[in-house]
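The next block holds one structure in the form of structure tokens; read it before the comments.
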Amino acid sequence: MQKGTKFALLLGAVPFITLVFALPFVNRVEPIILGFPFVLFWILGWVILTPPILFAAYMLEKKFNVPDEEDKK
Amino acid sequence: MNAALIIIFGTIIFSSFIGVYAGRRVKMNLENWTVGGRRFGVILIWLLMAGEIYTTFTFLGASGWAYSKGAPTYYIIIYGTLAYTLSFFILPALWKIGKRYGLHTQPDFFIKIYGSRFLGILVAMIGILSILPYLQLQLAGLGFIVEVASNEAVNSHLAIVISFVLTCVFVYTSGIRGAAWVSVIKDVMMILAVGIVGIGVPHIYFGGFGKMFRLLIAQKPHHLIFPGTAAHMDTLWIMSTVLLTGMGFYMWPHVFGSAFSAKSDKIIKRNAIIMPFYQIPVLLVLMVGFTALLVIPGLKNGDLAFLALVNKTYPSWFMGFVGAAGAVTAMVPASILVLFASTLLAKNVYQAGFNPNASEERIMSLSRLMVLVITSFALIFAIFFPNALVNLLLIGYNGVSQFFPGVVLGLFWKRVHRIGVICGLITGIVLVAFLVFGGHDPFLGMNAGFVALAVNAIITVVMSRLINRHPLGGFA
């Protein structure tokens, strides 16, 4: 596996950790943030952070991966 | 004729016209019809994929769940995000294979990777059986929205027949391009409708989201945390469900197939990056459901929450606008579902199973014929036997999710073996049917489809390893 792909996979794991495996620990109403119950705020926050995370993964792949033959065409 | 009716039918007819127009001057062969000649840029791919994930369920179901179940409805926001994250890693590799071998459909992929026509036909049959009830759900949702939005001036059957016959016309003429173009109208109207109502109603009744939530927390402190008012949907159920549906989303034959329409793997990757932003309108839909719970509590059918609140709050012409948006929101996914069900039947069941030498022109004309057949069947079922497919719908998502191990291992693990995939898939499907119909869903607090998927994945891997170690001679 290429180095860039490894970094990208690490970043790609973030939404799964925060939006799936962390749920039992954030399942509460308080503290209310920006008017949202905490669990909903947590979910929304990570949903909105996912595009920047994936963009970082994209840039890392571009930087560290050797482009394969088909990509050069 | 009232204003609402004119808006609803004007939109339906105009959308179909755009759909037909989209296919002008494109020579319709199978390549152009099913995968748009693999020429879609970032905007058309976005519209196509957004067209697939935003269905009538988003409108009625998500607000309905927010109203009647509470927190479990958050799963809708989560699973889409997981699906896009997975697509970032999976779809580009899939697209490359599709491009290299000229694949059009999901069974094409299985046949190419595993060299097994049996597996291809099996995948096609599971795909079609999962698509049909999903298609009927769109039709039922459309009829429901139009009937309520027009204040029952239009009978739901009439709305279903008119809009679905028109949908069938633009699928027939324009294929996937028609769906993508109509998706433009759908997206604009849907975002306007959801934006106006979702931001509007909490402000009109309570002066903002925060105040609405505070009131809801004071009245029903447990509504906004898992499991809400649905005791069987606790945190473990949510976790297993978002994993299952996140993995399953791109396994729907029509969603899977639309990945092939992209111009390049880069387009798909960039699309995966921006898609999660599209979950924000879903949040607004949830707000409507929560607001409705405070303003009009006691509805028997939670799916009515969105429309009932709009009806109470806005003038009737705006109700017509929401009805029109809802109708196009059903037409776009319906068109893609019909398109892929037809191609699966013609190419992956008829050609692969009965007539391997059929020419591509023959398959193309047969696919188009199948559009008419499937449309007629869906209409007959939707009107005369509305409940006949409910059982299939229950296992639709669970069923297509079982393709996940075969797809991902097929792309990234050289040693995966077709016998392993076939055994895993069949076990997964049988287990889903057994658990769901036997009343064991949720199983140990988890979504039954997820349990089946885990068993399926283990069987696929273990069998593949065994066969690699002990080749079965001629059999394998």
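Chains: A, B, ... in order of the structure tokens. Residues: from 1 per chain. Ligands: from 1, in order shown.
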Report as number ranges by chain all protein, DNA and RNA residues lying within 12 Å of Leu431 in chain B, evaluated on only C-alpha atoms, omitting residues in the same chain fewer than 2 positions from it.
B: 395, 398-399, 402, 423-429, 433-438, 440-441, 443, 448-456
Take the residues just selected and output them with C-alpha atoms as a compact mmCIF listing (two decimals), in the first residue's frame.
# COMPACT_ATOMS: atom_id res chain seq x y z
CA ILE B 395 -35.31 -6.45 3.55
CA ASN B 398 -30.43 -5.32 4.16
CA GLY B 399 -30.36 -7.34 0.95
CA GLN B 402 -24.86 -8.06 1.38
CA CYS B 423 -21.63 -18.69 -0.08
CA GLY B 424 -21.31 -15.47 1.91
CA LEU B 425 -23.94 -13.70 -0.18
CA ILE B 426 -26.47 -16.53 -0.01
CA THR B 427 -25.94 -16.97 3.74
CA GLY B 428 -26.33 -13.22 4.25
CA ILE B 429 -29.61 -13.06 2.33
CA ALA B 433 -34.90 -13.09 5.67
CA PHE B 434 -34.88 -15.44 8.67
CA LEU B 435 -34.15 -12.69 11.22
CA VAL B 436 -36.51 -10.07 9.78
CA PHE B 437 -39.48 -12.30 9.01
CA GLY B 438 -38.93 -14.36 12.14
CA HIS B 440 -35.69 -11.22 15.43
CA ASP B 441 -34.94 -7.70 14.24
CA PHE B 443 -31.06 -9.04 17.05
CA ALA B 448 -30.47 -7.69 11.74
CA GLY B 449 -29.00 -6.71 8.38
CA PHE B 450 -25.75 -5.79 10.09
CA VAL B 451 -25.56 -9.16 11.84
CA ALA B 452 -26.10 -10.90 8.51
CA LEU B 453 -23.48 -8.72 6.85
CA ALA B 454 -20.92 -9.61 9.50
CA VAL B 455 -21.60 -13.35 9.05
CA ASN B 456 -21.46 -12.91 5.28
Residues of chain B within 8 Å of chain A, counting only C-alpha atoms, as a PyMOL selection string:
chain B and resi 74+77-78+81-82+85-86+88+209-211+213-214+224-226+235+239+242-243+269+273-277+279
Go ahead and save the residues from that selection, with N, CA and C atoms, as an mmCIF file, in the first residue's frame.
data_model
loop_
_atom_site.group_PDB
_atom_site.id
_atom_site.type_symbol
_atom_site.label_atom_id
_atom_site.label_comp_id
_atom_site.auth_asym_id
_atom_site.auth_seq_id
_atom_site.Cartn_x
_atom_site.Cartn_y
_atom_site.Cartn_z
ATOM 1 N N TYR B 74 -31.656 10.818 13.659
ATOM 2 C CA TYR B 74 -30.295 11.335 13.379
ATOM 3 C C TYR B 74 -29.532 10.371 12.466
ATOM 4 N N ILE B 77 -28.709 11.480 8.942
ATOM 5 C CA ILE B 77 -27.605 12.418 8.708
ATOM 6 C C ILE B 77 -26.273 11.672 8.748
ATOM 7 N N ILE B 78 -26.177 10.704 9.661
ATOM 8 C CA ILE B 78 -24.899 10.009 9.835
ATOM 9 C C ILE B 78 -24.593 9.076 8.663
ATOM 10 N N THR B 81 -23.111 10.454 5.457
ATOM 11 C CA THR B 81 -21.731 10.888 5.611
ATOM 12 C C THR B 81 -20.774 9.703 5.562
ATOM 13 N N LEU B 82 -21.161 8.599 6.213
ATOM 14 C CA LEU B 82 -20.317 7.399 6.168
ATOM 15 C C LEU B 82 -20.245 6.849 4.741
ATOM 16 N N THR B 85 -17.864 8.892 2.705
ATOM 17 C CA THR B 85 -16.477 8.624 3.097
ATOM 18 C C THR B 85 -16.000 7.313 2.467
ATOM 19 N N LEU B 86 -16.846 6.288 2.531
ATOM 20 C CA LEU B 86 -16.475 5.013 1.904
ATOM 21 C C LEU B 86 -16.311 5.179 0.399
ATOM 22 N N PHE B 88 -15.287 7.607 -1.241
ATOM 23 C CA PHE B 88 -14.001 8.237 -1.544
ATOM 24 C C PHE B 88 -12.935 7.172 -1.804
ATOM 25 N N PHE B 209 -34.254 28.053 16.324
ATOM 26 C CA PHE B 209 -33.958 26.653 16.637
ATOM 27 C C PHE B 209 -33.782 26.445 18.135
ATOM 28 N N GLY B 210 -32.926 27.325 18.703
ATOM 29 C CA GLY B 210 -32.521 27.143 20.094
ATOM 30 C C GLY B 210 -33.730 27.126 21.009
ATOM 31 N N LYS B 211 -34.646 28.096 20.774
ATOM 32 C CA LYS B 211 -35.824 28.183 21.640
ATOM 33 C C LYS B 211 -36.733 26.983 21.440
ATOM 34 N N PHE B 213 -35.755 23.975 20.550
ATOM 35 C CA PHE B 213 -35.143 22.825 21.226
ATOM 36 C C PHE B 213 -35.334 22.900 22.742
ATOM 37 N N ARG B 214 -35.174 24.112 23.296
ATOM 38 C CA ARG B 214 -35.311 24.280 24.742
ATOM 39 C C ARG B 214 -36.698 23.844 25.214
ATOM 40 N N LEU B 224 -34.777 13.804 22.404
ATOM 41 C CA LEU B 224 -33.662 14.213 21.545
ATOM 42 C C LEU B 224 -32.388 13.425 21.777
ATOM 43 N N ILE B 225 -32.425 12.407 22.649
ATOM 44 C CA ILE B 225 -31.273 11.514 22.785
ATOM 45 C C ILE B 225 -31.742 10.082 22.491
ATOM 46 N N PHE B 226 -30.800 9.239 22.083
ATOM 47 C CA PHE B 226 -31.154 7.851 21.786
ATOM 48 C C PHE B 226 -31.672 7.172 23.051
ATOM 49 N N THR B 235 -28.695 3.042 21.250
ATOM 50 C CA THR B 235 -27.422 3.411 20.642
ATOM 51 C C THR B 235 -26.813 2.287 19.801
ATOM 52 N N MET B 239 -25.802 2.481 15.910
ATOM 53 C CA MET B 239 -24.442 2.221 15.427
ATOM 54 C C MET B 239 -24.450 1.152 14.338
ATOM 55 N N VAL B 242 -26.265 2.583 11.083
ATOM 56 C CA VAL B 242 -25.514 3.518 10.231
ATOM 57 C C VAL B 242 -24.370 2.795 9.520
ATOM 58 N N LEU B 243 -23.773 1.804 10.189
ATOM 59 C CA LEU B 243 -22.720 1.038 9.502
ATOM 60 C C LEU B 243 -23.313 0.260 8.329
ATOM 61 N N LYS B 269 -13.958 11.230 -6.843
ATOM 62 C CA LYS B 269 -13.300 11.496 -5.573
ATOM 63 C C LYS B 269 -13.667 12.889 -5.065
ATOM 64 N N ILE B 273 -15.910 14.222 -1.656
ATOM 65 C CA ILE B 273 -15.481 15.205 -0.659
ATOM 66 C C ILE B 273 -16.604 16.195 -0.338
ATOM 67 N N ILE B 274 -17.325 16.647 -1.363
ATOM 68 C CA ILE B 274 -18.326 17.689 -1.093
ATOM 69 C C ILE B 274 -19.702 17.158 -0.692
ATOM 70 N N MET B 275 -19.976 15.885 -0.991
ATOM 71 C CA MET B 275 -21.322 15.372 -0.725
ATOM 72 C C MET B 275 -21.824 15.558 0.721
ATOM 73 N N PRO B 276 -20.969 15.393 1.757
ATOM 74 C CA PRO B 276 -21.527 15.509 3.112
ATOM 75 C C PRO B 276 -22.238 16.842 3.381
ATOM 76 N N PHE B 277 -21.850 17.908 2.684
ATOM 77 C CA PHE B 277 -22.546 19.177 2.870
ATOM 78 C C PHE B 277 -24.024 19.049 2.518
ATOM 79 N N GLN B 279 -25.943 16.986 3.495
ATOM 80 C CA GLN B 279 -26.729 16.485 4.622
ATOM 81 C C GLN B 279 -27.397 17.629 5.384
#
Alpha helix (DSSP H) per DSSP on the backbone: members of chain A, as an mmCIF file with C-alpha atoms, in the first residue's frame:
data_model
loop_
_atom_site.group_PDB
_atom_site.id
_atom_site.type_symbol
_atom_site.label_atom_id
_atom_site.label_comp_id
_atom_site.auth_asym_id
_atom_site.auth_seq_id
_atom_site.Cartn_x
_atom_site.Cartn_y
_atom_site.Cartn_z
ATOM 1 C CA LYS A 3 2.113 5.913 1.856
ATOM 2 C CA GLY A 4 -0.480 8.473 0.755
ATOM 3 C CA THR A 5 -3.206 5.818 0.803
ATOM 4 C CA LYS A 6 -2.264 4.909 4.374
ATOM 5 C CA PHE A 7 -2.592 8.518 5.525
ATOM 6 C CA ALA A 8 -5.868 8.838 3.644
ATOM 7 C CA LEU A 9 -7.269 5.707 5.285
ATOM 8 C CA LEU A 10 -6.298 7.016 8.727
ATOM 9 C CA LEU A 11 -8.194 10.218 8.011
ATOM 10 C CA GLY A 12 -11.084 8.265 6.516
ATOM 11 C CA ALA A 13 -11.437 6.406 9.814
ATOM 12 C CA VAL A 14 -12.211 9.650 11.647
ATOM 13 C CA PRO A 15 -15.916 9.916 10.665
ATOM 14 C CA PHE A 16 -16.384 6.260 11.637
ATOM 15 C CA LEU A 23 -22.024 7.714 20.029
ATOM 16 C CA PRO A 24 -22.504 5.903 23.379
ATOM 17 C CA PHE A 25 -20.283 8.539 25.036
ATOM 18 C CA VAL A 26 -21.988 11.607 23.599
ATOM 19 C CA PHE A 38 -25.201 17.991 22.651
ATOM 20 C CA VAL A 39 -25.547 14.730 20.724
ATOM 21 C CA LEU A 40 -27.039 16.491 17.706
ATOM 22 C CA PHE A 41 -24.389 19.198 17.842
ATOM 23 C CA TRP A 42 -21.678 16.499 17.937
ATOM 24 C CA ILE A 43 -23.141 14.705 14.923
ATOM 25 C CA LEU A 44 -23.566 17.891 12.898
ATOM 26 C CA GLY A 45 -20.094 19.096 13.767
ATOM 27 C CA TRP A 46 -18.447 15.929 12.471
ATOM 28 C CA VAL A 47 -20.648 15.809 9.395
ATOM 29 C CA ILE A 48 -19.526 19.333 8.496
ATOM 30 C CA LEU A 49 -15.897 18.492 9.289
ATOM 31 C CA THR A 50 -15.936 15.432 7.021
ATOM 32 C CA PRO A 51 -15.428 17.342 3.732
ATOM 33 C CA PRO A 52 -12.266 19.111 5.013
ATOM 34 C CA ILE A 53 -11.019 15.768 6.375
ATOM 35 C CA LEU A 54 -11.575 14.056 3.033
ATOM 36 C CA PHE A 55 -10.004 16.987 1.237
ATOM 37 C CA ALA A 56 -6.893 16.581 3.391
ATOM 38 C CA ALA A 57 -6.897 12.872 2.513
ATOM 39 C CA TYR A 58 -7.126 13.800 -1.157
ATOM 40 C CA MET A 59 -4.159 16.166 -0.899
ATOM 41 C CA LEU A 60 -2.065 13.620 1.022
ATOM 42 C CA GLU A 61 -2.750 10.958 -1.599
ATOM 43 C CA LYS A 62 -1.746 13.387 -4.296
ATOM 44 C CA LYS A 63 1.436 14.331 -2.475
ATOM 45 C CA PHE A 64 2.718 10.892 -1.442
ATOM 46 C CA GLU A 69 -0.029 4.470 -15.560
ATOM 47 C CA GLU A 70 -3.722 5.140 -16.140
ATOM 48 C CA ASP A 71 -3.585 8.423 -14.236
ATOM 49 C CA LYS A 72 -0.907 9.846 -16.495
#
Test item: residues at most 6 Å from range 337-346 of chain B, only C-alpha atoms, excluding those fewer than 2 positions along its chain, as a PyMOL selection string
chain B and resi 124+128+254+334-335+348-350+363+366-367+370-371
Write out as a list of chain:residue names which residues come within 7 Å of range 305-314 of chain B when counting only C-alpha atoms, dropping same-chain ones fewer than 5 positions away.
B:Leu60, B:Ser63, B:Gly64, B:Tyr67, B:Val288, B:Gly289, B:Ala292, B:Met319
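For the atom pair formed by CA of Pro405 in chain B and CA of Lys112 in chain B, the distance is 15.8 Å, given to one decimal.
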Report, in Å to a single decimal, how far apart CA of Val123 in chain B and CA of Arg415 in chain B are.
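So the two atoms, CA of Arg415 in chain B and CA of Val123 in chain B, lie 20.4 Å apart.
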If we count only C-alpha atoms and set the cut-off at 12 Å, which residues sit around Glu152 in chain B, ignoring sequence neighbours fewer than 6 positions away in its own chain? Please answer as a PDB file with C-alpha atoms, in the first residue's frame.
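Output file around.pdb is given in full below:
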ATOM      1  CA  ASN B   2     -56.555  26.056  -7.945  1.00  0.00           C
ATOM      2  CA  ALA B   4     -51.601  24.471  -6.039  1.00  0.00           C
ATOM      3  CA  LEU B   5     -52.778  22.142  -8.783  1.00  0.00           C
ATOM      4  CA  GLY B 143     -49.305   9.971  -4.647  1.00  0.00           C
ATOM      5  CA  PHE B 144     -49.494  10.767  -0.936  1.00  0.00           C
ATOM      6  CA  ILE B 145     -47.715  14.128  -1.282  1.00  0.00           C
ATOM      7  CA  VAL B 146     -49.757  15.284  -4.266  1.00  0.00           C
ATOM      8  CA  LEU B 158     -54.282   9.873 -10.805  1.00  0.00           C
ATOM      9  CA  ALA B 159     -51.126  11.685  -9.667  1.00  0.00           C
ATOM     10  CA  MET B 319     -48.459  23.942  -0.321  1.00  0.00           C
ATOM     11  CA  GLY B 320     -48.652  23.364  -4.067  1.00  0.00           C
ATOM     12  CA  GLY B 323     -46.254  19.147  -3.385  1.00  0.00           C
TER      13      GLY B 323
END
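Our summary of the geometry notes that CA of Phe110 in chain B is positioned 9.1 Å from CA of Arg418 in chain B.
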